[in-house]
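Everything on this sheet refers to the single structure shown next.
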Amino acid sequence: MKMKPAEFIALSACTMMLTALGIDIMLPAFAELRAHLGLSPESTETSKIISFFFMGQVAQLIFGALSDRFGRLAILRIGFPLYIISGIGAAFAPDLSLMLAARFLAGMGASAVFMTTIAGVRDRFVGDQMARIMSLIFTIFLFTPVLAPFLGLAIMSVSSWQMVFLTPPLFAVLVFFWSLRLEESLPPDRRSALNWSGIGNAIRKVISNRIFMRYTSVATLLFTALSSYVASSEHIIGEIYGKPKLFAWIFAGIGLLMSLCSLLNSRLSSRYGARQSIKGLLVVYSIISSLLLLFTLIAGDPPDMLVLFVGLALLLAINLAVEPNSSALALEPMGNMAGMASAIYGTFFFFIGAALGSVISHFLVGGVFILVFGFFAAGLISVVLVYGDKRR
C-alpha cells in the first residue's frame with residue numbers, strides 16, 4: 001500500500017527526531033554522569049557528548065554519494081543499525097573517551113538517516129513547496145525538545161543515566177520497522193555513477209554554486225549558536241545560575257516556541273516565498289541578538305536569567321523557522337545532485353557548526369557573554385549573506 005503524504009511527513013519527522021532525541025533526552029542526566037565519571041560539578045566536558053554526536057555528521061559526504069548511486073533506502077537501512085548499536089555502546093562505555101567515540105559513530109548513523117530524509121523530501125518536492133513540507137516536518141520533529149527532558153527526568157527517577165542513553169536506540173528500532181513501508185524516491189535511471197572523479201566533480205559543482213554556499217553558510221552560522229546553547233544549557237541553568245530544577249521547564253518551553261515558530265514559517269513560505277521569509281526572519285533575529293548583547297554589556301555577565309532566556313527563546317525559535325527556508329533555497333538548484341548536495345549541506349550544518357559551537361561551549365564557565373556574542377555575530381553575518389542575493 002502506497003504511503004500517503006501525511007504518513008510520509010510523520011515518518012520523516014520521526015527519522016529526523018532520532019538526531020534530537022539522541023541529544024535532548026540526555027541533558028538532564030549530565031549531572032549524574034559527571035559524578036559517575038569523576039568530573040567536577042562545574043566541568044564542561046559533558047558538552048563534548050553533544051558535540052561529538054553532531055560532528056559524526058561529517059559522514060554525510062560518504063552517504064550522500066552512496067545514496068545518489070544506490071538509492072535513498074539502501075543508505076537509510078545502513079544508518080539505523082549504526083545508530084542503534086553505537087547508542088547502546090555509549091550507554092555502557094567504561095570511560096569518557098570510548099563514550100565520545102561511540103557518540104561519534106552514533107552521529108554517523110544519524111547522519112545517514114537525516115541526509116536520506118532531506119534528500120527524499122527534495123526528490124518529491126522543490127522550492128517553496130519543499131520549504132512548506134520541511135516546516136511541517138520540523139514542527140512535529142521539534143516536539144522532541146519539549147518532551148525529551150521530562151522523559152529523561154522520568155526515566156532517571158526510576159532508573160539510571162544508562163537507561164536514559166538507551167532510550168534513543170530503542171526508539172530507533174521502532175522507527176526502523178516503520179520505515180520498511182517507505183518507497184524508493186530515486187529511480188535507477190536518475191542515479192549517478194559511483195567513481196572518484198564523478199564524486200569529485202559532483203562536490204566541485206555543488207560547492208561552486210554560489211546560491212548553495214550562500215544559504216548553507218547561513219544555516220551553519222545559526223547552527224553554531226544553537227549547538228553551543230544545546231550543549232551548554234544544562235551547565236548554564238544548573239551551574240552558572242544555580243537553578244537545576246528549572247532546566248527541563250526552560251528547555252521544554254524554548255522547544256515549544258521553536259516548534260510553533262517552525263509551523264508559522266510554513267505559512268510564511270507559502271504566502272511570501274522562501275527568500276522573502278528568510279530575509280524578514282533574519283532581520284528580526286539580528287535586532288533581538290543586538291539588544292541582548294547590549295543588555296549583557298550594560299547589566300554585566302551573567303545578565304538577568306529571565307531576560308537572557310526570553311532572548312534566547314526568541315532567537316532559537318527564529319533559527320528553526322529559518323532552517324527550512326535555507327535548506328530549500330540551497331538545494332533548489334541542485335536537481336539530480338540532491339543527495340550529494342544534502343550531504344555537503346548537512347556536513348557544513350552539523351560538523352562545522354558543532355565544532356565552532358564546541359569552542360563557544362568550552363569558554364562558558366562562569367558567564368554567558370561569549371554565547372550571546374555568538375548569536376549576535378551569526379545573525380549579523382547571515383543578514384549580509386541573504387541580502388547579498390541579488391537575483392530577481
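Letters A, B, ... mark the chains of the C-alpha cells in the order given; residue numbers begin at 1 per chain; ligand numbers begin at 1, in order shown.
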Contact residues around Phe375 in chain A with only C-alpha atoms at 12 Å, ignoring same-chain residues under 3 positions, as a count of residues only: 40
Assign secondary structure with DSSP using the backbone only, and return the residues of range 169-217 of chain A in helix (DSSP H, G or I) as a count of residues only. 34
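Going from CA of Ser40 in chain A to CA of Ile85 in chain A covers 29.5 Å.
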CA of Phe80 in chain A to CA of Met156 in chain A, straight-line distance in Å: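 These atoms are spaced 25.4 Å apart.
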Leaving out range 49-66 of chain A and any residue of its chain fewer than 4 positions from it, which residues lie within 7 Å of it when counting only C-alpha atoms, given as a list in words? Ile23, Phe70, Ile75, Leu100, Arg103, Phe104, Leu105, Ala106, Gly107, Met108, Ser111, Ala112, Met115, Ile199, Ala231, Gly339, Met340, Ser342, Ala343, Ile344, Gly346, Thr347, Phe350, Phe351, Ala354, Ala355 and Ser358 of chain A
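Comparing A:Ser232, A:Ser86, A:Gln276, A:Thr296 by their smallest distance to Phe165 in chain A, the closest is A:Ser86 (using only C-alpha atoms).
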As a list in words, please: the residues near Asp128 in chain A (cut-off 12 Å, only C-alpha atoms, same-chain neighbours under 6 positions excluded).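 Contacts, with the query itself left out: Arg122, Met134, Ser135, Asn265, Ser266, Arg267, Leu268, Ser269, Ser270, Arg271, Tyr272, Gly273, Ala274, Arg275, Gln276, Ser277, Ile278, Pro324, Asn325, Ser326, Ser327, Ala328, Leu329, Ala330, Leu331 and Glu332 of chain A.
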Selected residues written out with N, CA and C atoms, as a PDB file, in the first residue's frame:
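What follows is the written file selection36.pdb:
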```pdb
ATOM      1  N   ARG A 122      13.453  16.284  -1.011  1.00  0.00           N
ATOM      2  CA  ARG A 122      13.853  17.040  -2.217  1.00  0.00           C
ATOM      3  C   ARG A 122      13.516  16.260  -3.493  1.00  0.00           C
ATOM      4  N   MET A 134       9.026  20.850   4.653  1.00  0.00           N
ATOM      5  CA  MET A 134      10.062  20.783   5.681  1.00  0.00           C
ATOM      6  C   MET A 134       9.625  21.484   6.958  1.00  0.00           C
ATOM      7  N   SER A 135       8.868  22.567   6.826  1.00  0.00           N
ATOM      8  CA  SER A 135       8.367  23.253   8.020  1.00  0.00           C
ATOM      9  C   SER A 135       7.403  22.368   8.798  1.00  0.00           C
ATOM     10  N   ASN A 265       6.404  29.397   9.962  1.00  0.00           N
ATOM     11  CA  ASN A 265       7.160  29.561   8.719  1.00  0.00           C
ATOM     12  C   ASN A 265       6.511  28.837   7.550  1.00  0.00           C
ATOM     13  N   SER A 266       5.804  27.722   7.821  1.00  0.00           N
ATOM     14  CA  SER A 266       5.127  27.035   6.722  1.00  0.00           C
ATOM     15  C   SER A 266       4.078  27.949   6.091  1.00  0.00           C
ATOM     16  N   ARG A 267       3.477  28.822   6.918  1.00  0.00           N
ATOM     17  CA  ARG A 267       2.520  29.805   6.393  1.00  0.00           C
ATOM     18  C   ARG A 267       3.263  30.926   5.653  1.00  0.00           C
ATOM     19  N   LEU A 268       4.356  31.399   6.264  1.00  0.00           N
ATOM     20  CA  LEU A 268       5.111  32.499   5.656  1.00  0.00           C
ATOM     21  C   LEU A 268       5.681  32.111   4.298  1.00  0.00           C
ATOM     22  N   SER A 269       6.286  30.895   4.222  1.00  0.00           N
ATOM     23  CA  SER A 269       6.899  30.472   2.962  1.00  0.00           C
ATOM     24  C   SER A 269       5.851  30.241   1.888  1.00  0.00           C
ATOM     25  N   SER A 270       4.633  29.821   2.288  1.00  0.00           N
ATOM     26  CA  SER A 270       3.558  29.633   1.316  1.00  0.00           C
ATOM     27  C   SER A 270       3.063  30.967   0.778  1.00  0.00           C
ATOM     28  N   ARG A 271       3.029  31.973   1.649  1.00  0.00           N
ATOM     29  CA  ARG A 271       2.466  33.269   1.258  1.00  0.00           C
ATOM     30  C   ARG A 271       3.488  34.190   0.585  1.00  0.00           C
ATOM     31  N   TYR A 272       4.709  34.245   1.152  1.00  0.00           N
ATOM     32  CA  TYR A 272       5.699  35.209   0.666  1.00  0.00           C
ATOM     33  C   TYR A 272       6.866  34.561  -0.089  1.00  0.00           C
ATOM     34  N   GLY A 273       6.981  33.227  -0.005  1.00  0.00           N
ATOM     35  CA  GLY A 273       8.115  32.562  -0.633  1.00  0.00           C
ATOM     36  C   GLY A 273       9.279  32.448   0.334  1.00  0.00           C
ATOM     37  N   ALA A 274      10.160  31.492   0.072  1.00  0.00           N
ATOM     38  CA  ALA A 274      11.259  31.206   0.991  1.00  0.00           C
ATOM     39  C   ALA A 274      12.237  32.372   1.099  1.00  0.00           C
ATOM     40  N   ARG A 275      12.541  33.045  -0.021  1.00  0.00           N
ATOM     41  CA  ARG A 275      13.545  34.119   0.015  1.00  0.00           C
ATOM     42  C   ARG A 275      13.079  35.319   0.813  1.00  0.00           C
ATOM     43  N   GLN A 276      11.847  35.749   0.616  1.00  0.00           N
ATOM     44  CA  GLN A 276      11.353  36.896   1.375  1.00  0.00           C
ATOM     45  C   GLN A 276      11.195  36.546   2.854  1.00  0.00           C
ATOM     46  N   SER A 277      10.770  35.324   3.134  1.00  0.00           N
ATOM     47  CA  SER A 277      10.589  34.899   4.522  1.00  0.00           C
ATOM     48  C   SER A 277      11.911  34.899   5.281  1.00  0.00           C
ATOM     49  N   ILE A 278      12.963  34.346   4.656  1.00  0.00           N
ATOM     50  CA  ILE A 278      14.244  34.246   5.350  1.00  0.00           C
ATOM     51  C   ILE A 278      14.850  35.629   5.595  1.00  0.00           C
ATOM     52  N   PRO A 324      14.287  25.610   7.390  1.00  0.00           N
ATOM     53  CA  PRO A 324      13.607  25.041   6.212  1.00  0.00           C
ATOM     54  C   PRO A 324      13.770  25.902   4.965  1.00  0.00           C
ATOM     55  N   ASN A 325      13.788  27.217   5.151  1.00  0.00           N
ATOM     56  CA  ASN A 325      13.980  28.112   4.013  1.00  0.00           C
ATOM     57  C   ASN A 325      15.398  28.011   3.470  1.00  0.00           C
ATOM     58  N   SER A 326      16.388  27.989   4.363  1.00  0.00           N
ATOM     59  CA  SER A 326      17.779  27.925   3.908  1.00  0.00           C
ATOM     60  C   SER A 326      18.054  26.607   3.189  1.00  0.00           C
ATOM     61  N   SER A 327      17.507  25.499   3.691  1.00  0.00           N
ATOM     62  CA  SER A 327      17.731  24.209   3.025  1.00  0.00           C
ATOM     63  C   SER A 327      17.034  24.169   1.672  1.00  0.00           C
ATOM     64  N   ALA A 328      15.816  24.699   1.596  1.00  0.00           N
ATOM     65  CA  ALA A 328      15.094  24.710   0.322  1.00  0.00           C
ATOM     66  C   ALA A 328      15.816  25.572  -0.710  1.00  0.00           C
ATOM     67  N   LEU A 329      16.287  26.747  -0.295  1.00  0.00           N
ATOM     68  CA  LEU A 329      16.975  27.653  -1.219  1.00  0.00           C
ATOM     69  C   LEU A 329      18.339  27.111  -1.624  1.00  0.00           C
ATOM     70  N   ALA A 330      19.028  26.437  -0.697  1.00  0.00           N
ATOM     71  CA  ALA A 330      20.339  25.867  -1.011  1.00  0.00           C
ATOM     72  C   ALA A 330      20.210  24.710  -1.994  1.00  0.00           C
ATOM     73  N   LEU A 331      19.188  23.865  -1.810  1.00  0.00           N
ATOM     74  CA  LEU A 331      19.059  22.660  -2.631  1.00  0.00           C
ATOM     75  C   LEU A 331      18.268  22.877  -3.917  1.00  0.00           C
ATOM     76  N   GLU A 332      17.590  24.005  -4.022  1.00  0.00           N
ATOM     77  CA  GLU A 332      16.730  24.253  -5.190  1.00  0.00           C
ATOM     78  C   GLU A 332      17.453  24.097  -6.525  1.00  0.00           C
TER      79      GLU A 332
END
```
Mind pulling up the distance from CA of Ser67 in chain A to CA of Ile203 in chain A? 14.1 Å
Extract, using only C-alpha atoms, all DNA, RNA and protein residues at most 9 Å from Leu246 in chain A, discarding same-chain residues fewer than 5 positions from it, and format them as number ranges by chain. A: 237-238, 251
Generate the output file for the selected residues, C-alpha atoms, as a short mmCIF file (atom, residue, chain, number, x, y, z; two decimals), in the first residue's frame.
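Once everything was written out, this is selection06.cif:
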```
data_model
loop_
_atom_site.label_atom_id
_atom_site.label_comp_id
_atom_site.auth_asym_id
_atom_site.auth_seq_id
_atom_site.Cartn_x
_atom_site.Cartn_y
_atom_site.Cartn_z
CA ILE A 237 20.95 26.77 34.12
CA GLY A 238 22.28 24.36 36.75
CA PHE A 251 14.39 23.70 27.75
#
```
Excluding Arg72 in chain A and residues on its chain fewer than 4 positions from it, collect all residues at most 8 Å away from it, counting only C-alpha atoms, and give them as a list in words. Ser67, Asp68, Leu76, Thr116, Ala119, Gly120, Glu184, Ser185 and Leu186 of chain A
With C-alpha atoms kept, could you save the residues just selected as a PDB file, in the first residue's frame?
```pdb
ATOM      1  CA  SER A  67      22.627   7.423  -1.900  1.00  0.00           C
ATOM      2  CA  ASP A  68      22.940   9.055  -5.340  1.00  0.00           C
ATOM      3  CA  LEU A  76      18.662   4.541   5.306  1.00  0.00           C
ATOM      4  CA  THR A 116      18.349  10.499   3.186  1.00  0.00           C
ATOM      5  CA  ALA A 119      17.105  14.085   0.001  1.00  0.00           C
ATOM      6  CA  GLY A 120      13.858  12.086  -0.081  1.00  0.00           C
ATOM      7  CA  GLU A 184      12.366   4.496  -3.047  1.00  0.00           C
ATOM      8  CA  SER A 185      12.293   8.134  -4.244  1.00  0.00           C
ATOM      9  CA  LEU A 186      15.284   7.956  -6.609  1.00  0.00           C
TER      10      LEU A 186
END
```
As an MDAnalysis selection string, please: the residues near Leu96 in chain A (cut-off 9 Å, only C-alpha atoms, same-chain neighbours under 3 positions excluded). chainID A and resid 37 45:46 49 93 99:101
Take the residues just selected and output them with C-alpha atoms as a CSV table (one decimal), in the first residue's frame.
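To be explicit, this is the file written out as part02.csv:
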```csv
chain,number,residue,atom,x,y,z
A,37,LEU,CA,32.9,9.8,35.5
A,45,GLU,CA,33.5,18.1,29.5
A,46,THR,CA,30.0,16.6,29.2
A,49,ILE,CA,29.0,14.2,24.3
A,93,ALA,CA,31.2,2.7,27.7
A,99,MET,CA,31.8,7.1,25.1
A,100,LEU,CA,32.8,10.0,22.8
A,101,ALA,CA,33.9,7.6,20.1
```
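Comparing A:Asp189, A:Glu239, A:Asp95, A:Glu7 by their smallest distance to Gly38 in chain A, the closest is A:Asp95 (using only C-alpha atoms).
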